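Asks: Here you go, one structure.
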Amino acid sequence: MEREHVRSMVRDLLLARRFEERAGQAYSEGEFGGFLHLYSGEEAVAVGVLHAAEPSDYVVSTYREHVHALVKGVPPGRVMAELYGRRDGCSGGMGGSMHLFDRERRFMGGYAIVGETFPIAIGIAYGIMLRRLPEAVICFFGEGAANQGTFHESLNMAALWRLPVLFVCENNRYQIGTEIHRQAAIPDIHTRACAYGMPGERADGMDVLAVHEVAQRMLHAIRSGQGPQLLELDTYRFRGHSMADAGAYRSRTEVESYKQAGPLQRVEQKLVAPMDRLNGSPAALDEASLQQLRDEVEQIVEAAVAFAEASPAPTLTDAWDAFHAPGRHETLIRAEQKHG
Amino acid sequence: MAETLAYWQALNRAHDVEMAGDDSVFVLGEDVGLYGGSYRVTEGLHARYGEWRVRDTPISENSFAGLGVGAAMIGLRPVVEIMTVNFALLAIDAIVNMAAKIPFMSGGQFAMPLVLRMPGGVGKQLAAQHSQRLEHTLMNVPGLRIAVPATPQDAWWQLRQAIASDDCIVLLEHVMLFGEKGEVDLHAAPPPMHQAAIRRPGKDLTIIAYSRMANLAQEAAEILAGEGIDAEVIDLRSLRPIDWALCVDSVRKTRHLLIAEEDCRFAGAGAEIAATLTERCFDVLAAAPLRLGGLDLPTPFNAALEIASIPQIADIVEAARRLCRPPGKE
């Protein structure tokens, strides 16, 4: 892999972590409300998968989607402003943390009803097939969503019609407070793919290079018309389900052991290691360039916060405009028809 | 110019002409393809447009309705047939949480050119699980628009308008209307999709109804005319938005309001209509508005009980008499 590409993945890992921690800080300081689900610990999943995607690929995500949006190219300031509920947010302040959208960048939304990403993804993929385009859809979901009806319904249709979807399971083992062995008869989510004749694989979701390698291979197969595939990535969230979750259901030992083996630690061990620890190949990054990246993302995140704070609050007129946007040229009843 | 078409044929023609004119239009649902649709609405389309544009789906309402949402997000114009409105309860997440929310939650970035067709209403002994009217449920959802065609002409016009619209449109059809025939002018310019229609002008009372009940109200009005009661019949044609201006003008003229709906009376469309028109016309109303609606009861299987559970022509006539000629004033 090219050194520049490795560097940009590491930069996104660092940006993801810093963005989330800074968002958590702003939330704790009362800068904005609502639910806030942070991605810390799971960064290698979004970064590895989305660095294997083409700009023409579509992404459908969950309510823990800030990092998917960032890596897909949504400007950090627009994401932060949406968390703040401001007018310059990527959803105009109408969606919030759980509903980031960016049509231009094909970021097709964060969904806060578990299991909704599946039908949205197969719908986009159906459209791609109708138009005969060499594009793919990346559908993120948590392991908890694999027990929703839409998982089975949509995988069935995706396989039946060979739709170009990469289903990516972010298996962090906990659906809020319920550990996977307490909610899944088959906790190996990737094995469920075989029920629909679909290839399913599992990889280490803490290793960004491993994630990237497998995602690239699967996406290549999908774009070449081989039908949908399912990728399960083992990961872990370092924080609670949301800011309201103190995480009493997990032992401190468990959390600490995952933190020791987190995606950033992996990078530091593997990519910044001296030459001899990498079998003679030169390290992709040295400590100095890593520090440079840390400084860079610090500036990006602080600029994002400043952008969000400077953005005005949307008005009720903005809300009605958003509501009427799609049908604004249509005469519903009479020319002078108003809402209400 | 006009042709005589059954309601299902008008819908079938509307599909055909829209699919021929725009290859981003596609149809999906249970048995819409090879089988031709449970009510023949999609008959012949599979042969003409192929399986990718007329897609038979598995029995997975929530996911195939959601598939329509995803496809609409990238600019296709899906027409999803849900075999009956009762099955739409399995797709309520796709309809209410996805289709109705995404354009707004995205700050207006995404249009939702999705049509959800679903027949409802009391048929002939289909029992409680196949006889529901769910307009009250969908009316309460900002982000949806609801058209309720009662005639073949409106079926032709409103389905075409729904497919052309960039908003999510729910087209509530009625199982008892599919075979009803009527004159359809295929070339006449349609009124706006949500504009109500005065089916019969009158001066003594206003009867507001929609879907099949509008046809019954029209028949009741003819009987009433023979008794010297001149009823104005309004077919709403749309439940969201509602053409209030036309309703207000009528009620201010007749000063008497009767509402007939097939849905359960409790918290139904009639409650909204009565409340809003009372607010706007209280000063001129000669009597409290009357609402006729379905009993607050799951639909019984027994034929006689089924008929008794929803308003009939005689009930509308009787209610109009009571409203216009209160006992003791004759």
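Please note that chains go A, B, ... in the order of the structure tokens, that every chain numbers its residues from 1, and that ligands are numbered from 1 in the order shown.
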Counting only C-alpha atoms, what is within 10 Å of Asp243 in chain B, bar same-chain residues fewer than 3 positions away, as a ChimeraX atom specification?

Replies: /A:332-334,337 /B:194-197,236-240,246-248

Asks: What's the 8 Å shell around Gly200 in chain A, counting only C-alpha atoms, without same-chain residues fewer than 5 positions away, as a ChimeraX atom specification?

Replies: /A:190-194,229-232

Asks: Compute the chain B side of the contact with chain A at 9 Å, counting only C-alpha atoms, and hand it back as a PDB file with N, CA and C atoms, in the first residue's frame.

Replies:
```pdb
ATOM      1  N   SER B  24     -37.636   6.039 -15.208  1.00  0.00           N
ATOM      2  CA  SER B  24     -37.283   5.947 -13.792  1.00  0.00           C
ATOM      3  C   SER B  24     -38.478   5.464 -12.958  1.00  0.00           C
ATOM      4  N   TRP B  52     -37.393  -6.001 -14.145  1.00  0.00           N
ATOM      5  CA  TRP B  52     -36.741  -4.980 -13.318  1.00  0.00           C
ATOM      6  C   TRP B  52     -37.633  -3.778 -13.072  1.00  0.00           C
ATOM      7  N   ARG B  53     -38.579  -3.559 -13.985  1.00  0.00           N
ATOM      8  CA  ARG B  53     -39.485  -2.415 -13.791  1.00  0.00           C
ATOM      9  C   ARG B  53     -40.842  -2.818 -13.240  1.00  0.00           C
ATOM     10  N   THR B  57     -42.243  -9.136  -5.447  1.00  0.00           N
ATOM     11  CA  THR B  57     -41.409  -9.152  -4.244  1.00  0.00           C
ATOM     12  C   THR B  57     -41.760 -10.339  -3.355  1.00  0.00           C
ATOM     13  N   PRO B  58     -40.838 -10.690  -2.471  1.00  0.00           N
ATOM     14  CA  PRO B  58     -41.197 -11.623  -1.401  1.00  0.00           C
ATOM     15  C   PRO B  58     -42.204 -10.938  -0.457  1.00  0.00           C
ATOM     16  N   ILE B  59     -42.757 -11.710   0.457  1.00  0.00           N
ATOM     17  CA  ILE B  59     -43.701 -11.147   1.432  1.00  0.00           C
ATOM     18  C   ILE B  59     -42.886 -10.490   2.546  1.00  0.00           C
ATOM     19  N   SER B  60     -42.456  -9.285   2.284  1.00  0.00           N
ATOM     20  CA  SER B  60     -41.570  -8.547   3.199  1.00  0.00           C
ATOM     21  C   SER B  60     -41.956  -7.070   3.131  1.00  0.00           C
ATOM     22  N   GLU B  61     -43.146  -6.751   3.624  1.00  0.00           N
ATOM     23  CA  GLU B  61     -43.682  -5.402   3.404  1.00  0.00           C
ATOM     24  C   GLU B  61     -42.752  -4.294   3.870  1.00  0.00           C
ATOM     25  N   ASN B  62     -42.187  -4.446   5.062  1.00  0.00           N
ATOM     26  CA  ASN B  62     -41.376  -3.333   5.582  1.00  0.00           C
ATOM     27  C   ASN B  62     -40.147  -3.100   4.704  1.00  0.00           C
ATOM     28  N   SER B  63     -39.547  -4.183   4.236  1.00  0.00           N
ATOM     29  CA  SER B  63     -38.327  -4.015   3.448  1.00  0.00           C
ATOM     30  C   SER B  63     -38.609  -3.624   2.004  1.00  0.00           C
ATOM     31  N   PHE B  64     -39.701  -4.092   1.401  1.00  0.00           N
ATOM     32  CA  PHE B  64     -39.899  -3.644   0.011  1.00  0.00           C
ATOM     33  C   PHE B  64     -40.470  -2.227  -0.038  1.00  0.00           C
ATOM     34  N   ALA B  65     -41.208  -1.833   0.989  1.00  0.00           N
ATOM     35  CA  ALA B  65     -41.609  -0.417   1.051  1.00  0.00           C
ATOM     36  C   ALA B  65     -40.368   0.447   1.296  1.00  0.00           C
ATOM     37  N   GLY B  66     -39.479  -0.034   2.166  1.00  0.00           N
ATOM     38  CA  GLY B  66     -38.229   0.685   2.424  1.00  0.00           C
ATOM     39  C   GLY B  66     -37.319   0.700   1.204  1.00  0.00           C
ATOM     40  N   LEU B  67     -37.389  -0.366   0.420  1.00  0.00           N
ATOM     41  CA  LEU B  67     -36.625  -0.387  -0.844  1.00  0.00           C
ATOM     42  C   LEU B  67     -37.095   0.768  -1.724  1.00  0.00           C
ATOM     43  N   GLY B  68     -38.399   0.981  -1.744  1.00  0.00           N
ATOM     44  CA  GLY B  68     -38.936   2.106  -2.510  1.00  0.00           C
ATOM     45  C   GLY B  68     -38.381   3.435  -2.012  1.00  0.00           C
ATOM     46  N   VAL B  69     -38.261   3.561  -0.704  1.00  0.00           N
ATOM     47  CA  VAL B  69     -37.717   4.794  -0.118  1.00  0.00           C
ATOM     48  C   VAL B  69     -36.281   5.014  -0.588  1.00  0.00           C
ATOM     49  N   GLY B  70     -35.465   3.966  -0.508  1.00  0.00           N
ATOM     50  CA  GLY B  70     -34.059   4.095  -0.905  1.00  0.00           C
ATOM     51  C   GLY B  70     -33.924   4.435  -2.386  1.00  0.00           C
ATOM     52  N   ALA B  71     -34.742   3.791  -3.214  1.00  0.00           N
ATOM     53  CA  ALA B  71     -34.681   4.054  -4.655  1.00  0.00           C
ATOM     54  C   ALA B  71     -35.126   5.486  -4.955  1.00  0.00           C
ATOM     55  N   ALA B  72     -36.140   5.956  -4.235  1.00  0.00           N
ATOM     56  CA  ALA B  72     -36.621   7.325  -4.443  1.00  0.00           C
ATOM     57  C   ALA B  72     -35.538   8.338  -4.059  1.00  0.00           C
ATOM     58  N   MET B  73     -34.705   7.975  -3.092  1.00  0.00           N
ATOM     59  CA  MET B  73     -33.651   8.896  -2.653  1.00  0.00           C
ATOM     60  C   MET B  73     -32.614   9.156  -3.748  1.00  0.00           C
ATOM     61  N   ILE B  74     -32.481   8.230  -4.688  1.00  0.00           N
ATOM     62  CA  ILE B  74     -31.532   8.485  -5.775  1.00  0.00           C
ATOM     63  C   ILE B  74     -32.252   8.852  -7.066  1.00  0.00           C
ATOM     64  N   GLY B  75     -33.511   9.267  -6.942  1.00  0.00           N
ATOM     65  CA  GLY B  75     -34.186   9.875  -8.075  1.00  0.00           C
ATOM     66  C   GLY B  75     -35.062   8.956  -8.897  1.00  0.00           C
ATOM     67  N   LEU B  76     -35.188   7.695  -8.483  1.00  0.00           N
ATOM     68  CA  LEU B  76     -36.149   6.854  -9.191  1.00  0.00           C
ATOM     69  C   LEU B  76     -37.550   7.182  -8.686  1.00  0.00           C
ATOM     70  N   ASP B  93     -43.031   1.319   9.582  1.00  0.00           N
ATOM     71  CA  ASP B  93     -41.722   1.931   9.850  1.00  0.00           C
ATOM     72  C   ASP B  93     -41.170   2.587   8.582  1.00  0.00           C
ATOM     73  N   ALA B  94     -41.283   1.876   7.470  1.00  0.00           N
ATOM     74  CA  ALA B  94     -40.793   2.440   6.202  1.00  0.00           C
ATOM     75  C   ALA B  94     -41.599   3.674   5.816  1.00  0.00           C
ATOM     76  N   ASN B  97     -41.477   6.301   9.530  1.00  0.00           N
ATOM     77  CA  ASN B  97     -40.147   6.686  10.019  1.00  0.00           C
ATOM     78  C   ASN B  97     -39.150   7.011   8.910  1.00  0.00           C
ATOM     79  N   MET B  98     -39.363   6.450   7.735  1.00  0.00           N
ATOM     80  CA  MET B  98     -38.416   6.714   6.640  1.00  0.00           C
ATOM     81  C   MET B  98     -39.012   7.705   5.637  1.00  0.00           C
ATOM     82  N   ILE B 102     -37.410  11.509   5.946  1.00  0.00           N
ATOM     83  CA  ILE B 102     -36.103  11.755   5.322  1.00  0.00           C
ATOM     84  C   ILE B 102     -36.008  13.122   4.627  1.00  0.00           C
ATOM     85  N   PRO B 103     -37.013  13.522   3.835  1.00  0.00           N
ATOM     86  CA  PRO B 103     -36.856  14.843   3.201  1.00  0.00           C
ATOM     87  C   PRO B 103     -36.651  15.945   4.243  1.00  0.00           C
ATOM     88  N   PHE B 104     -37.403  15.894   5.312  1.00  0.00           N
ATOM     89  CA  PHE B 104     -37.283  16.931   6.337  1.00  0.00           C
ATOM     90  C   PHE B 104     -35.996  16.789   7.155  1.00  0.00           C
ATOM     91  N   MET B 105     -35.731  15.576   7.632  1.00  0.00           N
ATOM     92  CA  MET B 105     -34.548  15.378   8.500  1.00  0.00           C
ATOM     93  C   MET B 105     -33.249  15.702   7.785  1.00  0.00           C
ATOM     94  N   SER B 106     -33.273  15.617   6.453  1.00  0.00           N
ATOM     95  CA  SER B 106     -32.061  15.920   5.696  1.00  0.00           C
ATOM     96  C   SER B 106     -31.981  17.408   5.378  1.00  0.00           C
ATOM     97  N   GLY B 107     -32.881  18.178   5.963  1.00  0.00           N
ATOM     98  CA  GLY B 107     -32.873  19.615   5.712  1.00  0.00           C
ATOM     99  C   GLY B 107     -33.382  19.964   4.319  1.00  0.00           C
ATOM    100  N   GLY B 108     -34.169  19.063   3.736  1.00  0.00           N
ATOM    101  CA  GLY B 108     -34.733  19.324   2.417  1.00  0.00           C
ATOM    102  C   GLY B 108     -33.841  18.872   1.268  1.00  0.00           C
ATOM    103  N   GLN B 109     -32.763  18.126   1.571  1.00  0.00           N
ATOM    104  CA  GLN B 109     -31.856  17.685   0.500  1.00  0.00           C
ATOM    105  C   GLN B 109     -32.465  16.622  -0.385  1.00  0.00           C
ATOM    106  N   PHE B 110     -33.246  15.735   0.230  1.00  0.00           N
ATOM    107  CA  PHE B 110     -33.768  14.602  -0.528  1.00  0.00           C
ATOM    108  C   PHE B 110     -35.249  14.778  -0.820  1.00  0.00           C
ATOM    109  N   ALA B 111     -35.622  14.575  -2.086  1.00  0.00           N
ATOM    110  CA  ALA B 111     -37.035  14.475  -2.430  1.00  0.00           C
ATOM    111  C   ALA B 111     -37.492  13.044  -2.122  1.00  0.00           C
ATOM    112  N   MET B 112     -38.772  12.811  -2.177  1.00  0.00           N
ATOM    113  CA  MET B 112     -39.276  11.460  -1.926  1.00  0.00           C
ATOM    114  C   MET B 112     -40.351  11.133  -2.968  1.00  0.00           C
ATOM    115  N   PRO B 113     -39.898  10.957  -4.246  1.00  0.00           N
ATOM    116  CA  PRO B 113     -40.875  10.697  -5.310  1.00  0.00           C
ATOM    117  C   PRO B 113     -41.388   9.260  -5.283  1.00  0.00           C
ATOM    118  N   PRO B 142     -47.051  14.102   9.446  1.00  0.00           N
ATOM    119  CA  PRO B 142     -46.513  15.135   8.557  1.00  0.00           C
ATOM    120  C   PRO B 142     -45.450  14.520   7.653  1.00  0.00           C
ATOM    121  N   GLY B 143     -45.474  14.889   6.399  1.00  0.00           N
ATOM    122  CA  GLY B 143     -44.507  14.303   5.465  1.00  0.00           C
ATOM    123  C   GLY B 143     -45.165  13.353   4.487  1.00  0.00           C
ATOM    124  N   SER B 165     -45.215  13.497  -8.745  1.00  0.00           N
ATOM    125  CA  SER B 165     -44.889  14.340  -7.595  1.00  0.00           C
ATOM    126  C   SER B 165     -43.537  13.968  -6.985  1.00  0.00           C
ATOM    127  N   ASP B 166     -42.853  14.957  -6.435  1.00  0.00           N
ATOM    128  CA  ASP B 166     -41.598  14.703  -5.724  1.00  0.00           C
ATOM    129  C   ASP B 166     -41.811  14.449  -4.238  1.00  0.00           C
ATOM    130  N   ASP B 167     -43.053  14.449  -3.802  1.00  0.00           N
ATOM    131  CA  ASP B 167     -43.368  14.115  -2.407  1.00  0.00           C
ATOM    132  C   ASP B 167     -43.850  12.678  -2.319  1.00  0.00           C
ATOM    133  N   PRO B 191     -57.600  18.690 -12.208  1.00  0.00           N
ATOM    134  CA  PRO B 191     -57.487  19.707 -11.162  1.00  0.00           C
ATOM    135  C   PRO B 191     -56.285  19.355 -10.277  1.00  0.00           C
ATOM    136  N   PRO B 192     -55.790  20.292  -9.444  1.00  0.00           N
ATOM    137  CA  PRO B 192     -54.704  19.936  -8.527  1.00  0.00           C
ATOM    138  C   PRO B 192     -55.077  18.681  -7.721  1.00  0.00           C
ATOM    139  N   MET B 193     -54.056  17.853  -7.421  1.00  0.00           N
ATOM    140  CA  MET B 193     -54.314  16.541  -6.823  1.00  0.00           C
ATOM    141  C   MET B 193     -55.127  16.604  -5.532  1.00  0.00           C
ATOM    142  N   HIS B 194     -54.944  17.676  -4.761  1.00  0.00           N
ATOM    143  CA  HIS B 194     -55.582  17.713  -3.438  1.00  0.00           C
ATOM    144  C   HIS B 194     -56.787  18.640  -3.375  1.00  0.00           C
ATOM    145  N   GLN B 195     -57.260  19.057  -4.528  1.00  0.00           N
ATOM    146  CA  GLN B 195     -58.433  19.921  -4.543  1.00  0.00           C
ATOM    147  C   GLN B 195     -59.699  19.072  -4.412  1.00  0.00           C
ATOM    148  N   ALA B 196     -60.596  19.506  -3.526  1.00  0.00           N
ATOM    149  CA  ALA B 196     -61.856  18.783  -3.361  1.00  0.00           C
ATOM    150  C   ALA B 196     -62.783  19.093  -4.527  1.00  0.00           C
ATOM    151  N   PRO B 241     -53.080  17.248   2.054  1.00  0.00           N
ATOM    152  CA  PRO B 241     -53.870  18.241   2.787  1.00  0.00           C
ATOM    153  C   PRO B 241     -55.364  18.137   2.457  1.00  0.00           C
ATOM    154  N   ILE B 242     -56.180  18.832   3.258  1.00  0.00           N
ATOM    155  CA  ILE B 242     -57.617  18.913   3.001  1.00  0.00           C
ATOM    156  C   ILE B 242     -57.911  20.296   2.442  1.00  0.00           C
ATOM    157  N   ASP B 243     -58.764  20.310   1.449  1.00  0.00           N
ATOM    158  CA  ASP B 243     -59.134  21.571   0.784  1.00  0.00           C
ATOM    159  C   ASP B 243     -60.148  22.319   1.656  1.00  0.00           C
TER     160      ASP B 243
END
```

Asks: From a backbone DSSP assignment, name each residue in range 82-276 of chain A labelled strand (DSSP E or B), as a PyMOL selection string.

Replies: chain A and resi 102+107-110+137-142+165-171+174-175+178-179+200-204+229-234

Asks: Suppose you want the space between CA of Tyr7 in chain B and CA of Trp157 in chain B; what is it in Å?

Replies: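 Spanning CA of Tyr7 in chain B to CA of Trp157 in chain B is a straight-line distance of 11.4 Å.
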
Asks: Would you kindly return, as a PyMOL selection string, each protein, DNA or RNA residue with an atom no farther than 12 Å from any atom of Ser289 in chain A, considering only C-alpha atoms and excluding same-chain residues fewer than 2 positions away?

Replies: chain A and resi 3-4+7-8+10-11+268+271-272+283-287+291-296

Asks: Within range 78-197 of chain B, find each residue whose DSSP state, derived from the backbone, is helix (DSSP H, G or I), and express the selection as number ranges by chain.

Replies: B: 87-99, 102-105, 128-130, 135-139, 152-164

Asks: Excluding Val114 in chain A and its own-chain neighbours fewer than 5 positions away, which residues fall within 9 Å of it when counting only C-alpha atoms? Please give them as a PyMOL selection string.

Replies: chain A and resi 62-63+141-142+144-145+148

Asks: With only C-alpha atoms as the counted atoms, please give the residues lying no more than 9 Å from Ala155 in chain B, apart from itself and same-chain residues fewer than 4 positions off, as a PyMOL selection string.

Replies: chain B and resi 7-8+10-11+14+148-151+159-160+173

Asks: With only C-alpha atoms as the counted atoms, please give the residues lying no more than 8 Å from range 202-211 of chain B, apart from itself and same-chain residues fewer than 2 positions off, as an MDAnalysis selection string.

Replies: chainID B and resid 148:150 173:174 200 213:215 217 229:238 247 250:251 253:261 320 324

Asks: Which residues are close to Ala269 in chain B, i.e. within 8 Å by only C-alpha atoms, leaving aside same-chain residues fewer than 3 positions away? Reply as a list in words.

Replies: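 Contacts, in chain order: Glu135, His136, Met139, Leu239, Glu261, Asp263, Arg265, Glu272 and Ile273 of chain B.
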
Asks: Would you write out those residues with N, CA, C and O atoms, as a PDB file, in the first residue's frame?

Replies:
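Contents of out20.pdb, as written:
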```
ATOM      1  N   GLU B 135     -56.901   5.496   7.364  1.00  0.00           N
ATOM      2  CA  GLU B 135     -56.602   6.891   7.053  1.00  0.00           C
ATOM      3  C   GLU B 135     -56.278   7.716   8.289  1.00  0.00           C
ATOM      4  O   GLU B 135     -55.422   8.590   8.254  1.00  0.00           O
ATOM      5  N   HIS B 136     -56.950   7.416   9.402  1.00  0.00           N
ATOM      6  CA  HIS B 136     -56.675   8.188  10.626  1.00  0.00           C
ATOM      7  C   HIS B 136     -55.208   8.054  11.037  1.00  0.00           C
ATOM      8  O   HIS B 136     -54.592   8.996  11.496  1.00  0.00           O
ATOM      9  N   MET B 139     -53.092  10.060   8.376  1.00  0.00           N
ATOM     10  CA  MET B 139     -53.371  11.507   8.363  1.00  0.00           C
ATOM     11  C   MET B 139     -52.565  12.258   9.407  1.00  0.00           C
ATOM     12  O   MET B 139     -52.319  13.447   9.277  1.00  0.00           O
ATOM     13  N   LEU B 239     -57.009  13.603   1.758  1.00  0.00           N
ATOM     14  CA  LEU B 239     -57.125  13.726   3.220  1.00  0.00           C
ATOM     15  C   LEU B 239     -55.932  14.433   3.836  1.00  0.00           C
ATOM     16  O   LEU B 239     -55.903  14.715   5.016  1.00  0.00           O
ATOM     17  N   GLU B 261     -68.036   8.950   6.850  1.00  0.00           N
ATOM     18  CA  GLU B 261     -66.768   8.236   6.632  1.00  0.00           C
ATOM     19  C   GLU B 261     -66.969   6.771   6.980  1.00  0.00           C
ATOM     20  O   GLU B 261     -67.822   6.420   7.784  1.00  0.00           O
ATOM     21  N   ASP B 263     -64.284   4.888   8.020  1.00  0.00           N
ATOM     22  CA  ASP B 263     -63.345   4.613   9.116  1.00  0.00           C
ATOM     23  C   ASP B 263     -64.068   4.738  10.456  1.00  0.00           C
ATOM     24  O   ASP B 263     -65.093   5.394  10.561  1.00  0.00           O
ATOM     25  N   ARG B 265     -65.436   5.982  13.732  1.00  0.00           N
ATOM     26  CA  ARG B 265     -65.784   7.364  13.997  1.00  0.00           C
ATOM     27  C   ARG B 265     -64.856   8.000  15.027  1.00  0.00           C
ATOM     28  O   ARG B 265     -64.500   9.168  14.912  1.00  0.00           O
ATOM     29  N   GLU B 272     -61.574  15.382  12.685  1.00  0.00           N
ATOM     30  CA  GLU B 272     -60.740  16.510  12.261  1.00  0.00           C
ATOM     31  C   GLU B 272     -61.561  17.497  11.431  1.00  0.00           C
ATOM     32  O   GLU B 272     -61.474  18.724  11.613  1.00  0.00           O
ATOM     33  N   ILE B 273     -62.381  16.951  10.530  1.00  0.00           N
ATOM     34  CA  ILE B 273     -63.187  17.801   9.649  1.00  0.00           C
ATOM     35  C   ILE B 273     -64.202  18.595  10.479  1.00  0.00           C
ATOM     36  O   ILE B 273     -64.347  19.809  10.320  1.00  0.00           O
TER      37      ILE B 273
END
```

Asks: Hey, can you check how far CA of Arg266 in chain A sits from CA of Met243 in chain A?

Replies: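 Atom-to-atom, CA of Arg266 in chain A and CA of Met243 in chain A are spaced 25.9 Å apart.
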
Asks: Please, what distance in Å, to one decimal, runs between CA of Ala267 in chain B and CA of Asp283 in chain B?

Replies: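 Computing the Euclidean distance for CA of Ala267 in chain B and CA of Asp283 in chain B yields 24.2 Å.
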